[in-house]
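**Q** Contents of data.txt (compact mmCIF, C-alpha atoms and all ligand atoms) are given next:
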```txt
# COMPACT_ATOMS: atom_id res chain seq x y z
CA MET A 1 30.59 -10.99 37.58
CA TYR A 2 31.61 -7.35 37.74
CA CYS A 3 30.45 -5.33 40.73
CA HIS A 4 30.53 -1.70 41.64
CA GLN A 5 30.11 -0.71 45.29
CA GLY A 6 28.64 -4.10 46.11
CA GLN A 7 26.06 -3.96 43.31
CA PRO A 8 26.35 -6.41 40.41
CA GLU A 9 26.94 -4.52 37.16
CA TRP A 10 27.31 -7.19 34.54
CA ILE A 11 28.21 -10.84 34.03
CA ASP A 12 30.82 -12.02 31.54
CA ILE A 13 30.63 -15.63 30.41
CA THR A 14 33.89 -16.62 28.74
CA VAL A 15 33.50 -19.33 26.14
CA GLU A 16 36.42 -21.49 24.99
CA PRO A 17 36.47 -23.76 21.93
CA HIS A 18 36.59 -27.49 22.53
CA GLY A 19 40.17 -28.53 21.82
CA GLY A 20 39.26 -31.76 20.06
CA ILE A 21 36.52 -30.44 17.78
CA ARG A 22 37.34 -28.50 14.63
CA GLY A 23 35.61 -25.26 13.77
CA ARG A 24 33.03 -25.18 10.99
CA CYS A 25 33.04 -22.91 7.98
CA SER A 26 30.49 -20.12 8.42
CA GLN A 27 29.45 -20.44 4.77
CA CYS A 28 28.86 -24.16 4.37
CA GLN A 29 29.00 -25.28 8.03
CA ARG A 30 31.35 -28.15 7.19
CA PRO A 31 34.30 -28.80 9.56
CA ALA A 32 37.55 -27.25 8.34
CA PRO A 33 41.13 -27.04 9.60
CA GLY A 34 41.94 -24.08 11.86
CA TYR A 35 43.78 -21.03 10.56
CA ASP A 36 44.12 -18.43 13.34
CA ARG A 37 42.14 -16.66 16.05
CA LEU A 38 40.56 -13.24 15.99
CA PRO A 39 40.44 -10.82 18.94
CA GLU A 40 37.76 -11.42 21.56
CA ARG A 41 34.22 -10.27 20.82
CA ARG A 42 31.27 -9.77 23.18
CA TRP A 43 27.64 -10.65 22.56
CA SER A 44 24.87 -9.61 24.88
CA PHE A 45 22.90 -12.54 26.23
CA VAL A 46 19.50 -12.72 27.97
CA PRO A 47 19.95 -10.95 31.35
CA LEU A 48 20.41 -13.42 34.23
CA TRP A 49 18.70 -12.39 37.49
CA GLY A 50 18.14 -9.03 35.84
CA ILE A 51 21.89 -8.46 35.40
CA PRO A 52 23.19 -7.70 31.88
CA THR A 53 25.07 -10.75 30.66
CA TYR A 54 27.64 -11.18 27.89
CA PHE A 55 29.30 -14.02 26.04
CA CYS A 56 33.02 -13.43 25.50
CA TYR A 57 34.70 -15.44 22.80
CA ALA A 58 37.63 -15.12 20.45
CA PRO A 59 36.35 -16.60 17.17
CA ARG A 60 38.64 -18.91 15.21
CA ARG A 61 39.20 -18.60 11.51
CA VAL A 62 39.16 -21.77 9.48
CA GLU A 63 40.49 -22.64 6.07
CA CYS A 64 37.63 -24.17 4.14
CA SER A 65 38.51 -26.06 0.98
CA GLN A 66 35.65 -24.31 -0.81
CA HIS A 67 35.42 -20.87 0.77
CA GLY A 68 39.04 -20.15 1.77
CA VAL A 69 39.91 -18.48 5.07
CA VAL A 70 36.66 -17.55 6.81
CA VAL A 71 35.40 -16.98 10.33
CA GLU A 72 34.04 -20.15 11.93
CA HIS A 73 30.34 -20.76 12.37
CA ILE A 74 29.25 -19.47 15.78
CA PRO A 75 25.98 -21.08 16.86
CA TRP A 76 24.73 -18.22 19.06
CA SER A 77 25.61 -15.42 16.66
CA ALA A 78 24.06 -14.07 13.47
CA GLY A 79 26.46 -12.11 11.27
CA LYS A 80 28.14 -9.11 12.83
CA ARG A 81 25.35 -8.39 15.28
CA PRO A 82 26.50 -7.68 18.85
CA MET A 83 23.68 -9.77 20.35
CA THR A 84 23.22 -13.50 20.69
CA CYS A 85 20.34 -15.07 18.78
CA ALA A 86 18.81 -16.04 22.12
CA MET A 87 18.78 -12.38 23.20
CA MET A 88 17.37 -11.19 19.86
CA GLY A 89 14.62 -13.81 19.98
CA PHE A 90 13.91 -12.89 23.58
CA LEU A 91 13.59 -9.16 22.83
CA ALA A 92 11.59 -9.78 19.66
CA ARG A 93 9.03 -11.95 21.46
CA TRP A 94 8.60 -9.40 24.22
CA ALA A 95 8.28 -6.64 21.61
CA ARG A 96 4.98 -8.22 20.57
CA ARG A 97 3.54 -7.74 24.04
CA LEU A 98 5.15 -4.45 25.05
CA SER A 99 6.02 -1.39 23.05
CA TRP A 100 9.60 -1.30 21.79
CA ARG A 101 10.47 1.43 24.25
CA GLU A 102 9.07 -0.52 27.18
CA THR A 103 10.90 -3.65 26.07
CA ALA A 104 14.17 -1.72 25.96
CA GLN A 105 13.54 -0.28 29.44
CA VAL A 106 12.57 -3.55 31.09
CA PHE A 107 15.49 -5.53 29.68
CA LEU A 108 18.14 -2.85 30.16
CA THR A 109 18.91 -2.25 26.53
CA SER A 110 18.38 0.41 23.87
CA TRP A 111 15.47 1.03 21.51
CA GLU A 112 17.91 0.46 18.68
CA SER A 113 18.75 -3.03 20.01
CA VAL A 114 15.07 -3.95 20.17
CA TYR A 115 14.62 -2.65 16.62
CA ARG A 116 17.60 -4.68 15.35
CA SER A 117 16.33 -7.79 17.13
CA VAL A 118 12.85 -7.56 15.63
CA GLU A 119 14.41 -6.84 12.25
CA TRP A 120 16.47 -10.04 12.45
CA PHE A 121 13.46 -12.03 13.65
CA VAL A 122 11.33 -10.76 10.76
CA GLN A 123 14.02 -11.27 8.12
CA GLU A 124 14.48 -14.88 9.21
CA GLY A 125 10.72 -15.38 9.21
CA LEU A 126 10.18 -13.83 5.79
CA GLY A 127 12.93 -16.04 4.40
CA LYS A 128 11.23 -19.17 5.72
CA ARG A 129 7.56 -18.42 5.22
CA LYS A 130 5.55 -20.46 2.78
CA LEU A 131 3.20 -18.81 0.31
CA GLU A 132 1.49 -21.92 -1.01
CA GLY A 133 -2.24 -22.42 -0.95
CA ILE A 134 -3.23 -18.77 -0.86
CA GLU A 135 -6.74 -18.55 -2.36
CA SER A 136 -8.05 -15.17 -1.31
CA ILE A 137 -6.39 -11.87 -0.60
CA GLY A 138 -7.63 -8.52 0.58
CA VAL A 139 -6.01 -5.29 -0.59
CA ASP A 140 -6.37 -2.15 1.43
CA GLU A 141 -5.00 1.29 2.10
CA ILE A 142 -3.97 2.42 5.55
CA HIS A 143 -3.47 6.00 6.61
CA TRP A 144 -0.33 6.59 8.60
CA GLY A 145 1.06 9.59 10.47
CA HIS A 146 -0.19 13.15 10.05
CA GLY A 147 -1.51 14.80 6.91
CA SER A 148 -2.79 13.33 3.70
CA ARG A 149 0.17 13.42 1.37
CA ALA A 150 0.81 10.39 -0.82
CA ASP A 151 3.50 9.25 1.61
CA ASN A 152 0.97 9.09 4.43
CA PHE A 153 -0.67 6.05 2.93
CA LEU A 154 0.34 2.43 2.91
CA THR A 155 -0.90 -0.38 0.75
CA VAL A 156 -1.35 -3.69 2.53
CA ILE A 157 -2.07 -7.14 1.15
CA TYR A 158 -3.63 -9.69 3.47
CA GLN A 159 -4.30 -13.35 3.08
CA ILE A 160 -7.95 -13.78 4.09
CA ASP A 161 -8.50 -17.52 3.77
CA ALA A 162 -10.57 -19.07 6.53
CA ASP A 163 -7.65 -21.15 7.80
CA CYS A 164 -4.98 -18.47 7.54
CA ARG A 165 -5.33 -14.75 7.99
CA ARG A 166 -2.16 -12.76 7.91
CA LEU A 167 -0.37 -9.77 6.54
CA LEU A 168 1.47 -10.72 3.36
CA TRP A 169 2.93 -7.45 2.21
CA VAL A 170 3.07 -3.78 3.07
CA GLY A 171 4.38 -0.93 0.89
CA LYS A 172 4.51 2.85 0.76
CA ARG A 173 1.76 4.84 -1.00
CA ARG A 174 -1.43 3.61 -2.61
CA SER A 175 -0.75 3.90 -6.32
CA GLN A 176 -0.92 1.36 -9.11
CA ALA A 177 2.86 1.04 -8.94
CA THR A 178 2.67 0.16 -5.24
CA LEU A 179 0.20 -2.65 -5.72
CA ARG A 180 2.12 -3.95 -8.75
CA ARG A 181 5.22 -4.10 -6.59
CA GLY A 182 3.30 -5.98 -3.89
CA LEU A 183 1.92 -8.59 -6.27
CA LYS A 184 5.35 -9.01 -7.81
CA ALA A 185 6.81 -9.62 -4.36
CA LEU A 186 4.30 -12.42 -3.80
CA GLY A 187 5.33 -14.00 -7.08
CA PRO A 188 3.42 -14.97 -10.24
CA GLU A 189 2.45 -18.38 -8.86
CA VAL A 190 0.61 -16.90 -5.91
CA VAL A 191 -1.16 -14.32 -8.09
CA LYS A 192 -2.21 -16.89 -10.69
CA GLY A 193 -3.55 -19.19 -7.97
CA LEU A 194 -5.92 -16.63 -6.47
CA ARG A 195 -9.63 -17.43 -6.49
CA SER A 196 -10.93 -14.23 -4.99
CA VAL A 197 -9.67 -10.77 -4.18
CA CYS A 198 -11.31 -8.22 -1.97
CA SER A 199 -10.75 -4.46 -2.04
CA ASP A 200 -12.16 -0.99 -1.75
CA MET A 201 -13.43 1.00 -4.76
CA TRP A 202 -10.10 2.77 -5.02
CA LYS A 203 -9.45 3.08 -8.76
CA PRO A 204 -5.72 2.24 -8.90
CA TYR A 205 -6.37 -1.02 -7.04
CA LEU A 206 -9.31 -1.95 -9.25
CA ASN A 207 -7.20 -1.40 -12.37
CA VAL A 208 -4.21 -3.40 -11.20
CA LEU A 209 -6.28 -6.28 -9.81
CA ALA A 210 -8.25 -6.55 -13.06
CA ALA A 211 -5.04 -6.61 -15.08
CA GLU A 212 -2.92 -8.90 -12.93
CA ALA A 213 -5.42 -11.25 -11.31
CA GLY A 214 -8.23 -11.26 -13.86
CA GLN A 215 -9.10 -14.92 -13.16
CA ALA A 216 -10.00 -14.19 -9.53
CA LEU A 217 -13.47 -13.10 -8.47
CA HIS A 218 -13.20 -9.47 -7.41
CA VAL A 219 -15.38 -8.55 -4.44
CA LEU A 220 -15.94 -5.15 -2.91
CA ASP A 221 -15.72 -5.29 0.82
CA ARG A 222 -18.82 -4.61 2.87
CA PHE A 223 -16.85 -2.71 5.46
CA HIS A 224 -15.73 -0.13 2.91
CA ILE A 225 -19.21 0.39 1.48
CA THR A 226 -20.52 0.99 4.99
CA THR A 227 -17.72 3.49 5.57
CA HIS A 228 -18.68 5.41 2.41
CA LEU A 229 -22.34 5.48 3.50
CA ASN A 230 -21.43 6.70 6.97
CA GLN A 231 -19.26 9.45 5.55
CA ALA A 232 -22.12 10.57 3.32
CA VAL A 233 -24.55 10.73 6.27
CA ASP A 234 -22.04 12.74 8.22
CA GLN A 235 -21.57 15.16 5.33
CA VAL A 236 -25.32 15.72 5.14
CA ARG A 237 -25.45 16.30 8.91
CA ARG A 238 -22.63 18.82 8.90
CA GLY A 239 -24.07 20.70 5.94
CA GLU A 240 -27.49 20.87 7.54
CA SER A 241 -26.08 21.90 10.90
CA THR A 242 -24.34 24.84 9.26
CA ARG A 243 -27.51 25.84 7.37
CA LEU A 244 -29.63 25.72 10.53
CA GLN A 245 -27.15 27.89 12.42
CA SER A 246 -28.60 31.03 10.83
CA HIS A 247 -32.24 30.64 11.85
CA ASP A 248 -32.64 27.76 14.34
CA LYS A 249 -29.70 27.65 16.76
CA GLU A 250 -31.34 25.05 19.00
CA ALA A 251 -31.86 22.51 16.22
CA ALA A 252 -28.34 23.10 14.89
CA LYS A 253 -26.91 22.34 18.31
CA ARG A 254 -28.93 19.16 18.68
CA LEU A 255 -27.73 17.97 15.30
CA LYS A 256 -24.16 18.68 16.21
CA HIS A 257 -24.22 16.10 18.98
CA MET A 258 -25.82 13.39 16.87
CA ARG A 259 -22.68 12.31 15.09
CA TRP A 260 -22.00 9.00 16.85
CA PRO A 261 -25.57 7.70 17.17
CA LEU A 262 -25.98 8.39 13.44
CA LEU A 263 -22.89 6.43 12.51
CA ARG A 264 -23.69 3.40 14.59
CA ARG A 265 -25.90 0.66 13.24
CA GLY A 266 -29.55 1.45 13.97
CA GLY A 267 -30.23 -1.60 16.12
CA LYS A 268 -27.28 -0.82 18.35
CA VAL A 269 -28.39 2.64 19.49
CA ARG A 270 -30.09 2.43 22.90
CA GLY A 271 -31.27 4.50 25.84
CA HIS A 272 -30.93 8.26 25.76
CA ALA A 273 -29.19 8.27 22.38
CA ARG A 274 -32.06 6.19 20.98
CA ARG A 275 -34.70 8.70 22.15
CA LYS A 276 -32.73 11.52 20.58
CA LEU A 277 -32.35 9.55 17.37
CA ASN A 278 -36.09 8.82 17.28
CA ALA A 279 -36.86 12.51 17.73
CA LEU A 280 -34.50 13.32 14.89
CA LEU A 281 -36.07 10.70 12.64
CA ALA A 282 -39.54 12.10 13.30
CA SER A 283 -38.35 15.53 12.14
CA LYS A 284 -38.33 16.61 8.53
CA LEU A 285 -34.58 17.10 8.50
CA ALA A 286 -32.38 16.01 5.60
CA THR A 287 -30.11 14.18 8.04
CA ALA A 288 -33.01 11.92 8.99
CA ARG A 289 -33.60 10.99 5.37
CA ALA A 290 -29.91 10.33 4.81
CA TRP A 291 -29.75 8.11 7.90
CA GLU A 292 -32.80 6.21 6.80
CA LEU A 293 -31.22 5.54 3.39
CA LYS A 294 -28.04 4.31 5.01
CA GLU A 295 -29.96 1.98 7.35
CA THR A 296 -32.01 0.57 4.49
CA PHE A 297 -28.88 -0.34 2.62
CA SER A 298 -27.86 -2.81 5.32
CA TYR A 299 -30.65 -5.13 4.03
CA PHE A 300 -28.69 -5.47 0.80
CA TRP A 301 -26.19 -7.82 2.45
CA ARG A 302 -28.90 -10.21 3.61
CA TYR A 303 -29.87 -11.38 0.14
CA LYS A 304 -28.97 -14.86 -1.03
CA SER A 305 -29.75 -14.50 -4.71
CA VAL A 306 -27.84 -12.23 -7.05
CA THR A 307 -31.01 -11.35 -8.96
CA TRP A 308 -32.86 -10.08 -5.92
CA ALA A 309 -29.83 -8.28 -4.60
CA LYS A 310 -29.55 -6.50 -7.95
CA ALA A 311 -33.23 -5.56 -7.82
CA PHE A 312 -32.75 -4.14 -4.34
CA LEU A 313 -29.67 -2.21 -5.40
CA ASP A 314 -31.51 -0.67 -8.38
CA CYS A 315 -34.35 0.35 -6.14
CA TRP A 316 -32.07 1.82 -3.49
CA CYS A 317 -30.04 3.79 -6.03
CA TYR A 318 -33.24 5.14 -7.58
CA ARG A 319 -34.41 6.39 -4.19
CA ALA A 320 -31.01 7.83 -3.33
CA MET A 321 -30.82 9.69 -6.65
CA ARG A 322 -34.20 11.30 -5.93
CA SER A 323 -33.30 12.18 -2.34
CA ARG A 324 -31.94 15.64 -3.19
CA LEU A 325 -29.00 14.80 -0.88
CA GLU A 326 -25.84 15.30 -2.87
CA PRO A 327 -23.54 13.07 -0.73
CA MET A 328 -26.05 10.19 -0.91
CA LYS A 329 -26.39 10.65 -4.66
CA LYS A 330 -22.64 10.45 -4.94
CA VAL A 331 -22.58 7.10 -3.14
CA ALA A 332 -25.42 5.82 -5.34
CA ARG A 333 -23.50 6.78 -8.48
CA MET A 334 -20.42 5.03 -7.16
CA LEU A 335 -22.36 1.86 -6.34
CA ARG A 336 -23.94 1.84 -9.77
CA THR A 337 -20.57 2.17 -11.46
CA HIS A 338 -19.26 -0.82 -9.54
CA GLU A 339 -22.48 -2.82 -9.59
CA GLU A 340 -20.88 -5.99 -10.99
CA LEU A 341 -18.16 -6.04 -8.34
CA LEU A 342 -20.73 -5.40 -5.65
CA LEU A 343 -22.83 -8.32 -6.80
CA ASN A 344 -19.75 -10.54 -6.75
CA TRP A 345 -20.18 -10.48 -2.99
CA PHE A 346 -23.14 -12.84 -3.46
CA ARG A 347 -21.35 -14.93 -6.04
CA ALA A 348 -18.45 -15.45 -3.62
CA LYS A 349 -20.78 -16.32 -0.79
CA GLY A 350 -19.03 -18.42 1.80
CA GLU A 351 -15.59 -17.83 0.37
CA ILE A 352 -14.96 -14.47 1.94
CA SER A 353 -16.20 -14.12 5.46
CA ASN A 354 -17.52 -10.81 6.53
CA GLY A 355 -15.36 -8.42 8.47
CA VAL A 356 -12.00 -10.14 7.94
CA VAL A 357 -10.45 -7.13 6.27
CA GLU A 358 -11.96 -4.84 8.89
CA GLY A 359 -10.56 -6.99 11.69
CA LEU A 360 -7.06 -6.98 10.21
CA ASN A 361 -7.33 -3.24 9.59
CA ASN A 362 -8.15 -2.61 13.21
CA LYS A 363 -5.15 -4.64 14.30
CA ILE A 364 -2.91 -2.61 12.00
CA ARG A 365 -4.27 0.59 13.50
CA VAL A 366 -3.34 -0.65 16.96
CA VAL A 367 0.25 -1.05 15.79
CA THR A 368 0.50 2.19 13.81
CA ARG A 369 -1.24 4.36 16.39
CA ARG A 370 0.25 3.04 19.58
CA SER A 371 3.28 5.14 20.35
CA TYR A 372 5.97 2.68 19.44
CA GLY A 373 8.19 5.55 18.40
CA PHE A 374 8.10 4.57 14.74
CA ARG A 375 9.51 7.57 13.03
CA THR A 376 10.47 5.73 9.90
CA PHE A 377 8.57 3.56 7.50
CA ASP A 378 11.16 0.79 7.85
CA ALA A 379 10.58 0.40 11.58
CA MET A 380 6.83 0.32 11.15
CA GLU A 381 7.02 -2.12 8.25
CA ILE A 382 9.00 -4.50 10.45
CA ALA A 383 6.59 -4.05 13.35
CA LEU A 384 3.63 -4.88 11.11
CA TYR A 385 5.19 -8.07 9.75
CA HIS A 386 6.20 -8.96 13.28
CA THR A 387 2.74 -8.63 14.81
CA LEU A 388 0.49 -9.63 11.89
CA GLY A 389 2.61 -11.68 9.49
CA ARG A 390 2.37 -15.00 11.38
CA LEU A 391 5.97 -15.57 10.40
CA PRO A 392 7.75 -18.79 11.33
CA GLU A 393 10.22 -18.26 14.16
CA PRO A 394 13.96 -18.69 13.75
CA GLU A 395 15.34 -21.86 15.29
CA THR A 396 17.19 -21.21 18.52
CA ALA A 397 18.50 -23.69 21.03
CA HIS A 398 16.85 -22.02 24.01
CA ARG A 399 13.67 -20.10 24.53
CA PHE A 400 13.50 -17.72 27.43
CA CYS A 401 9.95 -16.51 27.04
ZN ZN B 501 32.93 -23.63 3.42
```
If you convert what's in this file into structure tokens, what do you get?
Ligand SMILES: [Zn+2]
**A**
Amino acid sequence: MYCHQGQPEWIDITVEPHGGIRGRCSQCQRPAPGYDRLPERRWSFVPLWGIPTYFCYAPRRVECSQHGVVVEHIPWSAGKRPMTCAMMGFLARWARRLSWRETAQVFLTSWESVYRSVEWFVQEGLGKRKLEGIESIGVDEIHWGHGSRADNFLTVIYQIDADCRRLLWVGKRRSQATLRRGLKALGPEVVKGLRSVCSDMWKPYLNVLAAEAGQALHVLDRFHITTHLNQAVDQVRRGESTRLQSHDKEAAKRLKHMRWPLLRRGGKVRGHARRKLNALLASKLATARAWELKETFSYFWRYKSVTWAKAFLDCWCYRAMRSRLEPMKKVARMLRTHEELLLNWFRAKGEISNGVVEGLNNKIRVVTRRSYGFRTFDAMEIALYHTLGRLPEPETAHRFC
């Protein structure tokens, strides 16, 4: 132990090779005759009593009959990394519960070290994960960072089977090429084995999924349809608020504060907000009609039979087209265009449970929005696999957390 002015600074643990046991080749892990010894190296270990701790060891080189003169296999080390596997596993597990910066602070190390540890953890996990038995996937786009350039979007592929929900792949942008790359990464066997896929109405995704996984039932996700409807209601409200500004300031102001009650599901608005909503609905405003259309659409999802669902959809679209509300008409046109995919929701009944994609999306947002200090895509990609990929853990002799 090294002290400075009575305070412990760090602990060095010197490791010596066992005289009677030969070193193993780092390539094939078979015992091999010794060759020479390299200078001493240090690996940081899990802090003991809160004091930074290091392993000190001069690695031997061995002469393997197959691989020639190579460094011996060192059980606590992975490649040239300056940390022991135990330390990397320790930091990586804590990095799931704390932000990377906090992890670095608490365990007296750098952000970079935490990053490298998680990276190692994820690489090991990705190497070992099994992709068999994947029946349904969800494809989605995630906005990231500031602005709306192509680089501010990510494409994610989830597995959404009832027994396993996890992030399978994440890539930059949301183009056809991105999704093609993602499906290629999963491999042709996985893609051919899919029974259902779930996505938004985003054209590039629809095209690629139809071309690559044509055998799977393609379902449009309820969560996305609801989002489109909500956006349309909000557009109507904003437009109307601006129009009212010129002759009825009071009404314009009231409308301005109605954003959240309007976006929530009707049954969930209570108390003061409910009274305001009721007053709005009694008025002859366009926003009220838009809201009413949106609310009515929620009945669509309750149907059991495809035929009746189709009848409802036709009826709803007819009403929306005659509503004289341009944003609602736009949604109706979109739904009509994708009618078959929409109705697949009822054909896939029971296979895709409601809200899975939404749930995974929310978890991703927690990771991307929390200030982890992810300035680069690479760091965030690793963080996403780490928190949502359900990756198998690397084997280590000791677990410290
Ligand atoms: Zn060898």
**Q** Enumerate residues in contact with ligand ZN 501 (chain B): an atom-to-atom distance of at most 7 Å, counting all atoms listed in the file. Format the result as a count of residues only.
**A** 10
**Q** Pull the closest atom pair for each residue of region 204-289 of chain A that gets at most 10 Å from region 338-352 of chain A, along with the distance in Å to one decimal, counting all atoms listed in the file, ordering rows by chain and then ascending residue number, as a tab-separated table.
**A**
```
residue	atom	partner	partner_atom	distance
A:Leu206	CA	A:Leu341	CA	9.8
A:Leu217	CA	A:Asn344	CA	7.0
A:His218	CA	A:Leu341	CA	6.1
A:Val219	CA	A:Asn344	CA	5.3
A:Leu220	CA	A:Leu342	CA	5.5
A:Asp221	CA	A:Trp345	CA	7.8
A:Arg222	CA	A:Trp345	CA	8.4
A:Ile225	CA	A:Leu342	CA	9.3
```
**Q** Skipping near chain neighbours, those fewer than 2 positions away, what residues fall within 7 Å of Glu135 (chain A) using only C-alpha atoms, listed as a list in words?
**A** Gly133, Ile137, Asp161, Gly193, Leu194, Arg195 and Ser196 of chain A
**Q** For the atom pair CA of Asn361 (chain A) and CA of Arg97 (chain A), what is the interatomic distance in Å to one decimal place?
**A** 18.6 Å
**Q** Take CA of Thr287 (chain A) and CA of Lys256 (chain A) and report the distance between them in Å, one decimal.
**A**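 Separating CA of Thr287 (chain A) from CA of Lys256 (chain A) is a distance of 11.1 Å.
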**Q** Draw an axis-aligned box over all listed atoms of region 381-386 of chain A, pad each side with 8 Å, and write its centre and edge lengths in Å, one decimal, as lines of an AutoDock Vina configuration file.
**A**
```
center_x = 6.3
center_y = -5.5
center_z = 10.8
size_x = 21.4
size_y = 22.8
size_z = 21.1
```
**Q** Have a look at CA of Ala251 (chain A) and CA of Ala279 (chain A) and let me know their distance in Å, one decimal.
**A**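 These atoms are spaced 11.3 Å apart.
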**Q** With a distance cut-off of 8 Å and all atoms listed in the file, select the neighbouring residues of region 149-159 of chain A, excluding the residue or stretch itself and same-chain residues fewer than 3 positions from it, and output the selection as a PyMOL selection string.
**A** chain A and resi 134-146+164-174+178-179+182+357
**Q** Which one of A:Val122, A:Val71, A:Asp12, A:Thr226 sits closest to Phe55 (chain A) if you count only C-alpha atoms?
**A**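 Residue with the minimum atom-to-atom distance to Phe55 (chain A): A:Asp12.
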**Q** Give the answer as one residue: which of A:Ser77, A:Ser113, A:Asn230, A:Ser175 has the shortest atom-to-atom distance to Pro327 (chain A), using only C-alpha atoms?
**A**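 Looking only at the distances to Pro327 (chain A), the closest residue turns out to be A:Asn230.
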**Q** Choose the residue, out of A:Val69, A:Met87, A:Leu255, A:Leu131, that has the smallest atom-to-atom separation from Pro392 (chain A); count all atoms listed in the file.
**A**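 With all atoms listed in the file as the atom set, the closest residue is A:Leu131.
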**Q** Which polymer residues, protein or nucleic acid, are no farther than 12 Å from (14.2, -15.0, 20.6), counting all atoms listed in the file, as number ranges by chain?
**A** A: 45-46, 76, 83-96, 114, 117-122, 124-125, 392-401
**Q** Excluding Leu281 (chain A) and residues on its chain fewer than 4 positions from it, collect all residues at most 12 Å away from it, counting all atoms listed in the file, and give them as a VMD selection string.
**A** chain A and resid 255 258 261 to 262 266 274 to 277 285 to 293 295
**Q** Could you tell me which of A:Gly239, A:Gly355, A:Gly389, A:Gly214 comes closest to Val191 (chain A) if we count only C-alpha atoms?
**A**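 Of all the options, A:Gly214 lies closest to Val191 (chain A).
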